[in-house]
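A.B. asks: Below is the structure I would like to discuss, written out as structure tokens.
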Amino acid sequence: MIMYSKKNGVVELEAIPKPNTKFEDIIDAFEKGYEHEQLVTSRIYELADLASEEREHSTMSLLRWFIDEQVEEENNFSSLLKRVKRSKENPAALYMMDDDLATKVFTPPTNQQ
């Protein structure tokens with residue numbers, strides 16, 4: 001939002017619908033999560049296409065980080081979904097996966113605007 005205010009843009013935030021919290025099983029939850037990541041990617045691509053059409057270079061620069069991040073996010077979720085499918089009949093494996101995920105640390109990017 002900082003970049004848009006520097007360009008005299010106006011940001012209007014609207015209500016976000018509640019996420020789905022009911023799933024058939026753990027596989028369904030991870031499949032829905034993966035589908036959501038794919039939706040996010042498609043929306044970022046739509047913004048990038050529009051920015052390109054409008055020759056909005058500063059927005060294109062900003063979106064490049066999000067595009068790169070989404071490649072990683074889709075890959076991560078795809079890998080998690082495969083692990084969950086392999087572990088669905090083995091609760092111990094799911095606990096081990098949970099422990100592994102708990103050790104992940106988010107490192108914020110250094111070039112955020």
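Letters for chains follow the order of the structure tokens (A, B, ...), residue numbers begin at 1 for each chain, and ligand numbers begin at 1 in the order shown.
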When DSSP works through the backbone of this structure, what residues of range 43-111 of chain A end up as alpha helix (DSSP H), shown as a PyMOL selection string?
C.D. replies: chain A and resi 43-53+57-87+91-102
A.B. asks: Take the residues that were just selected and, keeping C-alpha atoms, output them as a CSV table (one decimal), in the first residue's frame.
C.D. replies:
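Written file, again04.csv:
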chain,number,residue,atom,x,y,z
A,43,ARG,CA,-5.4,-13.7,-9.6
A,44,ILE,CA,-1.8,-12.5,-9.3
A,45,TYR,CA,-1.3,-13.4,-13.0
A,46,GLU,CA,-4.4,-11.4,-13.9
A,47,LEU,CA,-3.0,-8.4,-12.1
A,48,ALA,CA,0.3,-8.9,-13.8
A,49,ASP,CA,-1.4,-9.1,-17.2
A,50,LEU,CA,-3.3,-5.9,-16.5
A,51,ALA,CA,-0.2,-4.1,-15.3
A,52,SER,CA,1.6,-5.1,-18.4
A,53,GLU,CA,-1.3,-4.0,-20.7
A,57,HIS,CA,6.1,-0.7,-14.6
A,58,SER,CA,6.2,-0.1,-10.9
A,59,THR,CA,3.3,-2.4,-10.3
A,60,MET,CA,4.9,-5.0,-12.6
A,61,SER,CA,8.0,-4.8,-10.4
A,62,LEU,CA,6.0,-5.2,-7.2
A,63,LEU,CA,4.1,-8.2,-8.6
A,64,ARG,CA,7.3,-10.0,-9.7
A,65,TRP,CA,7.9,-10.8,-6.0
A,66,PHE,CA,4.4,-12.2,-5.5
A,67,ILE,CA,4.7,-14.3,-8.7
A,68,ASP,CA,8.0,-15.8,-7.5
A,69,GLU,CA,6.5,-16.4,-4.0
A,70,GLN,CA,3.5,-18.2,-5.4
A,71,VAL,CA,5.7,-20.6,-7.4
A,72,GLU,CA,7.2,-21.6,-4.1
A,73,GLU,CA,3.8,-21.7,-2.3
A,74,GLU,CA,2.2,-23.9,-4.9
A,75,ASN,CA,5.2,-26.2,-4.8
A,76,ASN,CA,5.1,-26.4,-1.0
A,77,PHE,CA,1.4,-27.1,-0.9
A,78,SER,CA,1.7,-29.7,-3.6
A,79,SER,CA,4.5,-31.5,-1.6
A,80,LEU,CA,2.4,-31.3,1.6
A,81,LEU,CA,-0.6,-32.8,-0.2
A,82,LYS,CA,1.5,-35.7,-1.4
A,83,ARG,CA,2.8,-36.3,2.1
A,84,VAL,CA,-0.7,-36.2,3.6
A,85,LYS,CA,-2.0,-38.7,1.0
A,86,ARG,CA,0.9,-41.1,1.7
A,87,SER,CA,0.4,-40.7,5.5
A,91,PRO,CA,-1.3,-41.1,12.4
A,92,ALA,CA,2.3,-41.2,13.6
A,93,ALA,CA,3.5,-40.0,10.2
A,94,LEU,CA,1.0,-37.1,10.3
A,95,TYR,CA,2.4,-36.2,13.8
A,96,MET,CA,5.9,-36.2,12.4
A,97,MET,CA,4.8,-34.0,9.5
A,98,ASP,CA,3.2,-31.6,12.0
A,99,ASP,CA,6.4,-31.5,14.1
A,100,ASP,CA,8.4,-30.8,10.9
A,101,LEU,CA,6.1,-28.0,9.9
A,102,ALA,CA,6.3,-26.5,13.3
A.B. asks: Give me, please, the distance in Å between CA of Thr21 in chain A and CA of Thr107 in chain A, quoted to one decimal.
C.D. replies: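 Between these atoms lies a distance of 27.4 Å.
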A.B. asks: Please measure the separation of CA of Thr41 in chain A and CA of Thr103 in chain A, giving the value in Å to one decimal.
C.D. replies: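 Straight-line distance from CA of Thr41 in chain A to CA of Thr103 in chain A works out to 25.7 Å.
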